[in-house]
file input_12.txt (compact mmCIF, C-alpha atoms)
# COMPACT_ATOMS: atom_id res chain seq x y z
CA MET A 1351 -61.80 -123.61 82.29
CA THR A 1352 -59.69 -120.48 82.02
CA LEU A 1353 -57.22 -120.21 79.19
CA ASN A 1354 -54.36 -120.04 81.68
CA GLU A 1355 -55.48 -123.36 83.24
CA TRP A 1356 -55.81 -124.91 79.77
CA ILE A 1357 -52.31 -123.75 78.80
CA VAL A 1358 -50.84 -125.20 82.00
CA LYS A 1359 -52.54 -128.56 81.39
CA ALA A 1360 -51.80 -128.72 77.66
CA GLU A 1361 -48.86 -130.54 76.19
CA GLN A 1362 -46.25 -127.81 75.76
CA SER A 1363 -44.82 -129.23 72.52
CA LYS A 1364 -48.27 -128.98 70.91
CA LEU A 1365 -48.67 -125.39 72.09
CA GLU A 1366 -45.23 -124.50 70.72
CA PHE A 1367 -46.16 -126.13 67.39
CA ILE A 1368 -49.36 -124.10 67.21
CA LYS A 1369 -47.50 -120.89 68.13
CA LYS A 1370 -44.87 -121.56 65.48
CA TYR A 1371 -47.18 -122.33 62.57
CA ASP A 1372 -50.46 -120.61 63.38
CA LYS A 1373 -50.87 -116.93 62.53
CA GLY A 1374 -53.54 -116.68 65.16
CA TYR A 1375 -57.15 -115.72 64.76
CA SER A 1376 -59.24 -112.70 65.56
CA PRO A 1377 -62.69 -111.45 64.63
CA ILE A 1378 -61.21 -107.91 64.38
CA ASP A 1379 -58.46 -106.50 62.17
CA ASP A 1380 -56.20 -104.88 64.75
CA ILE A 1381 -56.07 -103.41 68.24
CA THR A 1382 -54.83 -99.91 67.44
CA HIS A 1383 -58.35 -98.46 67.82
CA LEU A 1384 -58.26 -99.30 71.54
CA PRO A 1385 -57.43 -96.63 74.12
CA LEU A 1386 -53.74 -95.88 74.63
CA ILE A 1387 -53.90 -96.99 78.27
CA ASP A 1388 -55.27 -100.41 77.28
CA ILE A 1389 -52.60 -100.99 74.62
CA LYS A 1390 -49.65 -99.75 76.65
CA LYS A 1391 -50.63 -100.74 80.20
CA ASN A 1392 -53.78 -102.75 80.85
CA ILE A 1393 -53.49 -105.55 78.28
CA PRO A 1394 -49.74 -106.12 78.86
CA GLU A 1395 -50.32 -106.26 82.64
CA LEU A 1396 -53.13 -108.79 82.23
CA MET A 1397 -50.94 -110.91 79.95
CA GLN A 1398 -48.04 -110.75 82.40
CA GLU A 1399 -50.35 -111.81 85.26
CA GLY A 1400 -51.61 -114.78 83.21
CA LYS A 1401 -55.11 -113.30 82.95
CA PHE A 1402 -55.38 -114.23 79.30
CA ASP A 1403 -59.17 -114.36 79.10
CA GLU A 1404 -59.40 -110.84 80.50
CA ALA A 1405 -56.73 -109.65 78.05
CA ILE A 1406 -58.67 -111.19 75.16
CA SER A 1407 -61.92 -109.65 76.39
CA LEU A 1408 -60.31 -106.20 76.59
CA SER A 1409 -58.57 -106.61 73.21
CA LEU A 1410 -61.80 -107.58 71.48
CA SER A 1411 -63.89 -105.06 73.44
CA GLU A 1412 -66.31 -107.78 74.42
CA PRO A 1413 -67.75 -108.88 77.76
CA ILE A 1414 -65.73 -111.60 79.50
CA ARG A 1415 -68.73 -113.95 79.32
CA ASP A 1416 -68.56 -113.78 75.51
CA THR A 1417 -64.84 -114.51 75.58
CA LEU A 1418 -65.40 -117.52 77.82
CA LYS A 1419 -68.01 -118.91 75.37
CA ARG A 1420 -65.18 -119.50 72.91
CA ASP A 1421 -63.39 -122.83 73.18
CA GLU A 1422 -59.86 -122.92 74.58
CA LEU A 1423 -58.14 -123.49 71.25
CA GLN A 1424 -59.90 -120.50 69.71
CA ARG A 1425 -58.93 -118.35 72.70
CA PHE A 1426 -55.34 -119.59 72.43
CA ARG A 1427 -55.31 -118.61 68.74
CA ILE A 1428 -56.62 -115.15 69.68
CA LEU A 1429 -53.84 -114.92 72.26
CA ILE A 1430 -51.29 -115.71 69.52
CA TRP A 1431 -52.90 -113.00 67.39
CA ILE A 1432 -52.62 -110.48 70.25
CA GLU A 1433 -48.93 -111.32 70.67
CA LYS A 1434 -48.42 -110.76 66.94
CA GLN A 1435 -50.24 -107.41 67.21
CA TYR A 1436 -47.76 -106.35 69.88
CA GLU A 1437 -44.82 -107.53 67.78
CA LYS A 1438 -46.04 -105.30 64.93
CA ILE A 1439 -46.60 -102.34 67.25
CA ASN A 1440 -43.12 -102.74 68.74
CA VAL A 1441 -41.47 -102.90 65.29
CA ILE A 1442 -43.34 -99.82 64.07
CA GLU A 1443 -42.63 -97.83 67.24
CA LYS A 1444 -38.95 -98.76 67.11
CA ARG A 1445 -38.70 -97.80 63.46
CA TYR A 1446 -40.62 -94.54 63.54
CA LEU A 1447 -40.61 -93.20 67.10
CA GLU A 1448 -37.35 -94.21 68.73
CA ARG A 1449 -34.40 -91.89 68.50
CA PRO A 1450 -31.22 -92.40 70.49
CA PRO A 1451 -30.84 -89.70 73.12
CA GLU A 1452 -28.07 -87.20 72.59
CA HIS A 1453 -24.94 -87.60 74.69
CA LYS A 1454 -25.76 -84.48 76.70
CA MET A 1455 -29.21 -85.84 77.57
CA LEU A 1456 -27.69 -89.16 78.69
CA ALA A 1457 -25.17 -87.32 80.83
CA ALA A 1458 -27.99 -85.27 82.36
CA GLY A 1459 -29.84 -88.44 83.38
CA ILE A 1460 -32.62 -88.77 80.79
CA LYS A 1461 -32.71 -92.54 81.41
CA SER A 1462 -34.10 -91.93 84.92
CA LEU A 1463 -37.43 -91.06 83.28
CA ASP A 1464 -37.72 -94.65 82.02
CA GLN A 1465 -39.05 -95.74 85.41
CA LEU A 1466 -42.22 -93.74 84.71
CA GLY A 1467 -43.11 -95.87 81.68
CA ILE A 1468 -46.24 -94.82 79.79
CA ILE A 1469 -46.59 -91.67 81.92
CA ASN A 1470 -43.82 -90.12 79.80
CA THR A 1471 -45.86 -90.56 76.63
CA ILE A 1472 -49.09 -89.45 78.26
CA ASP A 1473 -47.45 -86.30 79.65
CA LEU A 1474 -45.82 -85.53 76.28
CA LEU A 1475 -49.17 -85.83 74.48
CA ALA A 1476 -50.89 -83.77 77.19
CA GLY A 1477 -48.36 -81.01 76.70
CA GLY A 1478 -47.31 -81.32 80.35
CA ASP A 1479 -50.87 -80.65 81.57
CA VAL A 1480 -51.64 -83.28 84.21
CA THR A 1481 -55.35 -82.40 84.05
CA LYS A 1482 -55.42 -83.84 80.50
CA TRP A 1483 -53.82 -87.18 81.36
CA ASN A 1484 -57.13 -89.07 81.68
CA GLU A 1485 -58.28 -87.74 78.31
CA ILE A 1486 -55.02 -88.82 76.65
CA GLU A 1487 -55.24 -92.30 78.21
CA GLN A 1488 -58.62 -92.81 76.53
CA LEU A 1489 -57.57 -91.65 73.06
CA PRO A 1490 -57.17 -94.39 70.45
CA TYR A 1491 -53.63 -95.74 70.33
CA ALA A 1492 -53.45 -95.04 66.56
CA ARG A 1493 -54.15 -91.33 67.09
CA CYS A 1494 -51.52 -91.13 69.84
CA PHE A 1495 -49.00 -92.85 67.57
CA GLU A 1496 -49.71 -90.36 64.77
CA LYS A 1497 -49.19 -87.41 67.13
CA GLN A 1498 -45.95 -88.89 68.43
CA LEU A 1499 -44.77 -89.45 64.86
CA LYS A 1500 -45.54 -85.83 64.04
CA LEU A 1501 -43.55 -84.69 67.08
CA VAL A 1502 -40.59 -86.90 66.10
CA ILE A 1503 -40.59 -85.57 62.53
CA GLU A 1504 -40.81 -81.97 63.74
CA ASN A 1505 -37.98 -82.59 66.19
CA ASP A 1506 -35.82 -84.10 63.42
CA ILE A 1507 -36.51 -81.08 61.21
CA ASN A 1508 -35.66 -78.65 64.01
CA LYS A 1509 -32.36 -80.44 64.68
CA LYS A 1510 -31.49 -80.20 60.98
CA LEU A 1511 -32.38 -76.51 60.95
CA VAL A 1512 -30.13 -75.86 63.92
CA GLU A 1513 -27.30 -77.69 62.16
CA ILE A 1514 -27.89 -75.79 58.90
CA ASN A 1515 -27.93 -72.44 60.73
CA LYS A 1516 -24.80 -73.39 62.64
CA ASN A 1517 -22.99 -74.27 59.40
CA GLN A 1518 -24.13 -71.04 57.70
CA ARG A 1519 -22.72 -68.94 60.56
CA LYS A 1520 -19.35 -70.60 60.13
CA LYS A 1521 -19.13 -69.48 56.50

call {"tool": "encode", "arguments": {"input": "input_12.txt", "output": "C-alpha cells"}}
result
Amino acid sequence: MTLNEWIVKAEQSKLEFIKKYDKGYSPIDDITHLPLIDIKKNIPELMQEGKFDEAISLSLSEPIRDTLKRDELQRFRILIWIEKQYEKINVIEKRYLERPPEHKMLAAGIKSLDQLGIINTIDLLAGGDVTKWNEIEQLPYARCFEKQLKLVIENDINKKLVEINKNQRKK
C-alpha cells in the first residue's frame, strides 16, 4: 500500500498525534547534500502531488523498491522528518538569505520575477549563463546555500560602502 493510501485510510487524530509528538525518523542526518533541484523543486512537487513514497525515495537517495519495503508507520515518520528538514531550511534561508527589496526595485517590478521560482536562484548562481543551469541544478543544496550567503554578505558590504562614501562626500 502506498503511503498516501495509508494516510487516507488512517484515523486522522492518530496521525495528528504522531505529527505533534514524533520528531520523525531518518537513516540519514539531513537532506542538504542532495542536488539543489531536488531540494527546491522535485521533492516539494512530489509532496504536493501526494507522491510521498517517491519523495522519501528521492530524499534518502534509495530505490523506490527499498522505500516500499519499509512499513507505513516508518515511512510516515520519515515523511515527518522530511517536513522538519524543510522547516529548518526555510528558517535558515529566511534568516540568512532574505533581504527586503529596496523601494526602487519594488517600483521597478522586481516582484514579477517571483513567478520564475527556483530559476532565479539557478540563474544567479550560474552568473546569468544559461548553459550552466544544468550544472547548478545538480550541485549540492548546501554548496548553493553557501554561495548565496556569500553573495548576500558581499551585497550588504557593498551597500554599506556606498553609504559610507556618500556620507564622506557630504563632509

call {"tool": "closest_residue", "arguments": {"input": "input_12.txt", "among": "A:Glu1487, A:Asp1464, A:Glu1433, A:Glu1443", "to": "A:Ser1376", "atoms": "only C-alpha atoms"}}
result
A:Glu1433

call {"tool": "residues_near_point", "arguments": {"input": "input_12.txt", "point": "(-56.7, -118.0, 79.6)", "cutoff": "10 Å", "atoms": "all atoms listed in the file", "output": "list in words"}}
result
Met1351, Thr1352, Leu1353, Asn1354, Glu1355, Trp1356, Ile1357, Val1358, Met1397, Gly1400, Lys1401, Phe1402, Asp1403, Glu1404, Ala1405, Ile1406, Thr1417, Leu1418, Glu1422, Arg1425, Phe1426 and Leu1429 of chain A

call {"tool": "residues_around", "arguments": {"input": "input_12.txt", "residues": "stretch 1444-1447 of chain A", "least_positions_apart": "3", "cutoff": "8 Å", "atoms": "all atoms listed in the file", "output": "JSON, numbers by chain"}}
result
{"A": [1440, 1441, 1498, 1499, 1502]}

call {"tool": "closest_residue", "arguments": {"input": "input_12.txt", "among": "A:Ile1428, A:Ile1472, A:Ile1507, A:Leu1423", "to": "A:Leu1365", "atoms": "only C-alpha atoms"}}
result
A:Leu1423

call {"tool": "closest_residue", "arguments": {"input": "input_12.txt", "among": "A:Lys1520, A:Glu1496, A:Lys1454, A:Ser1407", "to": "A:Asp1388", "atoms": "all atoms listed in the file"}}
result
A:Ser1407

call {"tool": "decode", "arguments": {"input": "input_12.txt", "residues": "stretch 1418-1459 of chain A", "atoms": "N, CA and C atoms", "output": "PDB file, in the first residue's frame"}}
result
ATOM      1  N   LEU A1418       9.607   1.164  -0.360  1.00  0.00           N
ATOM      2  CA  LEU A1418       8.354   0.427  -0.182  1.00  0.00           C
ATOM      3  C   LEU A1418       8.502  -0.797   0.721  1.00  0.00           C
ATOM      4  N   LYS A1419       9.734  -1.238   0.990  1.00  0.00           N
ATOM      5  CA  LYS A1419       9.962  -2.343   1.922  1.00  0.00           C
ATOM      6  C   LYS A1419       9.738  -1.905   3.372  1.00  0.00           C
ATOM      7  N   ARG A1420       9.803  -0.609   3.607  1.00  0.00           N
ATOM      8  CA  ARG A1420       9.574  -0.086   4.950  1.00  0.00           C
ATOM      9  C   ARG A1420       8.070  -0.113   5.240  1.00  0.00           C
ATOM     10  N   ASP A1421       7.721  -0.349   6.506  1.00  0.00           N
ATOM     11  CA  ASP A1421       6.287  -0.338   6.816  1.00  0.00           C
ATOM     12  C   ASP A1421       5.752   1.097   6.777  1.00  0.00           C
ATOM     13  N   GLU A1422       4.443   1.222   6.733  1.00  0.00           N
ATOM     14  CA  GLU A1422       3.802   2.523   6.543  1.00  0.00           C
ATOM     15  C   GLU A1422       4.115   3.499   7.667  1.00  0.00           C
ATOM     16  N   LEU A1423       4.135   3.019   8.897  1.00  0.00           N
ATOM     17  CA  LEU A1423       4.424   3.909  10.022  1.00  0.00           C
ATOM     18  C   LEU A1423       5.846   4.459   9.923  1.00  0.00           C
ATOM     19  N   GLN A1424       6.788   3.614   9.549  1.00  0.00           N
ATOM     20  CA  GLN A1424       8.163   4.088   9.389  1.00  0.00           C
ATOM     21  C   GLN A1424       8.246   5.117   8.262  1.00  0.00           C
ATOM     22  N   ARG A1425       7.560   4.874   7.165  1.00  0.00           N
ATOM     23  CA  ARG A1425       7.551   5.838   6.063  1.00  0.00           C
ATOM     24  C   ARG A1425       6.880   7.147   6.491  1.00  0.00           C
ATOM     25  N   PHE A1426       5.824   7.043   7.284  1.00  0.00           N
ATOM     26  CA  PHE A1426       5.157   8.249   7.773  1.00  0.00           C
ATOM     27  C   PHE A1426       6.106   9.055   8.665  1.00  0.00           C
ATOM     28  N   ARG A1427       6.865   8.363   9.499  1.00  0.00           N
ATOM     29  CA  ARG A1427       7.842   9.040  10.364  1.00  0.00           C
ATOM     30  C   ARG A1427       8.945   9.693   9.533  1.00  0.00           C
ATOM     31  N   ILE A1428       9.350   9.063   8.436  1.00  0.00           N
ATOM     32  CA  ILE A1428      10.335   9.673   7.540  1.00  0.00           C
ATOM     33  C   ILE A1428       9.721  10.907   6.888  1.00  0.00           C
ATOM     34  N   LEU A1429       8.466  10.826   6.528  1.00  0.00           N
ATOM     35  CA  LEU A1429       7.766  11.980   5.949  1.00  0.00           C
ATOM     36  C   LEU A1429       7.752  13.153   6.941  1.00  0.00           C
ATOM     37  N   ILE A1430       7.490  12.878   8.196  1.00  0.00           N
ATOM     38  CA  ILE A1430       7.535  13.916   9.237  1.00  0.00           C
ATOM     39  C   ILE A1430       8.937  14.519   9.289  1.00  0.00           C
ATOM     40  N   TRP A1431       9.948  13.657   9.247  1.00  0.00           N
ATOM     41  CA  TRP A1431      11.335  14.117   9.277  1.00  0.00           C
ATOM     42  C   TRP A1431      11.635  15.026   8.082  1.00  0.00           C
ATOM     43  N   ILE A1432      11.144  14.655   6.898  1.00  0.00           N
ATOM     44  CA  ILE A1432      11.366  15.480   5.708  1.00  0.00           C
ATOM     45  C   ILE A1432      10.722  16.851   5.899  1.00  0.00           C
ATOM     46  N   GLU A1433       9.505  16.874   6.413  1.00  0.00           N
ATOM     47  CA  GLU A1433       8.828  18.146   6.663  1.00  0.00           C
ATOM     48  C   GLU A1433       9.635  19.005   7.631  1.00  0.00           C
ATOM     49  N   LYS A1434      10.204  18.385   8.644  1.00  0.00           N
ATOM     50  CA  LYS A1434      11.022  19.123   9.619  1.00  0.00           C
ATOM     51  C   LYS A1434      12.319  19.636   8.965  1.00  0.00           C
ATOM     52  N   GLN A1435      12.863  18.867   8.030  1.00  0.00           N
ATOM     53  CA  GLN A1435      14.041  19.318   7.289  1.00  0.00           C
ATOM     54  C   GLN A1435      13.714  20.601   6.521  1.00  0.00           C
ATOM     55  N   TYR A1436      12.553  20.613   5.892  1.00  0.00           N
ATOM     56  CA  TYR A1436      12.143  21.798   5.132  1.00  0.00           C
ATOM     57  C   TYR A1436      11.853  22.985   6.047  1.00  0.00           C
ATOM     58  N   GLU A1437      11.316  22.725   7.213  1.00  0.00           N
ATOM     59  CA  GLU A1437      11.101  23.812   8.178  1.00  0.00           C
ATOM     60  C   GLU A1437      12.434  24.452   8.552  1.00  0.00           C
ATOM     61  N   LYS A1438      13.447  23.624   8.807  1.00  0.00           N
ATOM     62  CA  LYS A1438      14.781  24.138   9.142  1.00  0.00           C
ATOM     63  C   LYS A1438      15.375  24.935   7.983  1.00  0.00           C
ATOM     64  N   ILE A1439      15.280  24.380   6.784  1.00  0.00           N
ATOM     65  CA  ILE A1439      15.812  25.065   5.604  1.00  0.00           C
ATOM     66  C   ILE A1439      15.133  26.420   5.437  1.00  0.00           C
ATOM     67  N   ASN A1440      13.810  26.452   5.574  1.00  0.00           N
ATOM     68  CA  ASN A1440      13.078  27.706   5.408  1.00  0.00           C
ATOM     69  C   ASN A1440      13.487  28.743   6.449  1.00  0.00           C
ATOM     70  N   VAL A1441      13.674  28.323   7.697  1.00  0.00           N
ATOM     71  CA  VAL A1441      14.090  29.248   8.752  1.00  0.00           C
ATOM     72  C   VAL A1441      15.485  29.800   8.452  1.00  0.00           C
ATOM     73  N   ILE A1442      16.393  28.930   8.067  1.00  0.00           N
ATOM     74  CA  ILE A1442      17.770  29.358   7.785  1.00  0.00           C
ATOM     75  C   ILE A1442      17.819  30.272   6.565  1.00  0.00           C
ATOM     76  N   GLU A1443      17.085  29.933   5.515  1.00  0.00           N
ATOM     77  CA  GLU A1443      17.067  30.796   4.327  1.00  0.00           C
ATOM     78  C   GLU A1443      16.480  32.167   4.663  1.00  0.00           C
ATOM     79  N   LYS A1444      15.401  32.168   5.421  1.00  0.00           N
ATOM     80  CA  LYS A1444      14.771  33.436   5.787  1.00  0.00           C
ATOM     81  C   LYS A1444      15.726  34.292   6.614  1.00  0.00           C
ATOM     82  N   ARG A1445      16.417  33.660   7.530  1.00  0.00           N
ATOM     83  CA  ARG A1445      17.322  34.403   8.411  1.00  0.00           C
ATOM     84  C   ARG A1445      18.558  34.935   7.686  1.00  0.00           C
ATOM     85  N   TYR A1446      19.143  34.118   6.841  1.00  0.00           N
ATOM     86  CA  TYR A1446      20.432  34.479   6.261  1.00  0.00           C
ATOM     87  C   TYR A1446      20.393  34.982   4.813  1.00  0.00           C
ATOM     88  N   LEU A1447      19.386  34.597   4.049  1.00  0.00           N
ATOM     89  CA  LEU A1447      19.400  34.948   2.627  1.00  0.00           C
ATOM     90  C   LEU A1447      18.396  36.030   2.239  1.00  0.00           C
ATOM     91  N   GLU A1448      17.302  36.113   2.953  1.00  0.00           N
ATOM     92  CA  GLU A1448      16.270  37.073   2.553  1.00  0.00           C
ATOM     93  C   GLU A1448      16.622  38.483   2.989  1.00  0.00           C
ATOM     94  N   ARG A1449      16.461  39.387   2.061  1.00  0.00           N
ATOM     95  CA  ARG A1449      16.612  40.813   2.311  1.00  0.00           C
ATOM     96  C   ARG A1449      15.419  41.492   1.647  1.00  0.00           C
ATOM     97  N   PRO A1450      14.795  42.427   2.328  1.00  0.00           N
ATOM     98  CA  PRO A1450      13.676  43.110   1.670  1.00  0.00           C
ATOM     99  C   PRO A1450      14.191  43.930   0.489  1.00  0.00           C
ATOM    100  N   PRO A1451      13.469  43.882  -0.619  1.00  0.00           N
ATOM    101  CA  PRO A1451      13.919  44.671  -1.772  1.00  0.00           C
ATOM    102  C   PRO A1451      13.791  46.167  -1.485  1.00  0.00           C
ATOM    103  N   GLU A1452      14.678  46.922  -2.065  1.00  0.00           N
ATOM    104  CA  GLU A1452      14.629  48.371  -1.907  1.00  0.00           C
ATOM    105  C   GLU A1452      13.386  48.906  -2.610  1.00  0.00           C
ATOM    106  N   HIS A1453      12.933  50.063  -2.162  1.00  0.00           N
ATOM    107  CA  HIS A1453      11.729  50.675  -2.704  1.00  0.00           C
ATOM    108  C   HIS A1453      11.824  50.855  -4.222  1.00  0.00           C
ATOM    109  N   LYS A1454      12.977  51.274  -4.689  1.00  0.00           N
ATOM    110  CA  LYS A1454      13.163  51.480  -6.128  1.00  0.00           C
ATOM    111  C   LYS A1454      12.985  50.172  -6.902  1.00  0.00           C
ATOM    112  N   MET A1455      13.488  49.084  -6.341  1.00  0.00           N
ATOM    113  CA  MET A1455      13.366  47.780  -7.004  1.00  0.00           C
ATOM    114  C   MET A1455      11.900  47.336  -7.038  1.00  0.00           C
ATOM    115  N   LEU A1456      11.172  47.581  -5.948  1.00  0.00           N
ATOM    116  CA  LEU A1456       9.747  47.249  -5.924  1.00  0.00           C
ATOM    117  C   LEU A1456       8.992  48.056  -6.974  1.00  0.00           C
ATOM    118  N   ALA A1457       9.310  49.341  -7.035  1.00  0.00           N
ATOM    119  CA  ALA A1457       8.655  50.217  -8.013  1.00  0.00           C
ATOM    120  C   ALA A1457       8.968  49.785  -9.441  1.00  0.00           C
ATOM    121  N   ALA A1458      10.162  49.235  -9.648  1.00  0.00           N
ATOM    122  CA  ALA A1458      10.566  48.790 -10.988  1.00  0.00           C
ATOM    123  C   ALA A1458       9.948  47.444 -11.367  1.00  0.00           C
ATOM    124  N   GLY A1459       9.359  46.751 -10.387  1.00  0.00           N
ATOM    125  CA  GLY A1459       8.678  45.492 -10.697  1.00  0.00           C
ATOM    126  C   GLY A1459       9.458  44.234 -10.372  1.00  0.00           C
TER     127      GLY A1459
END
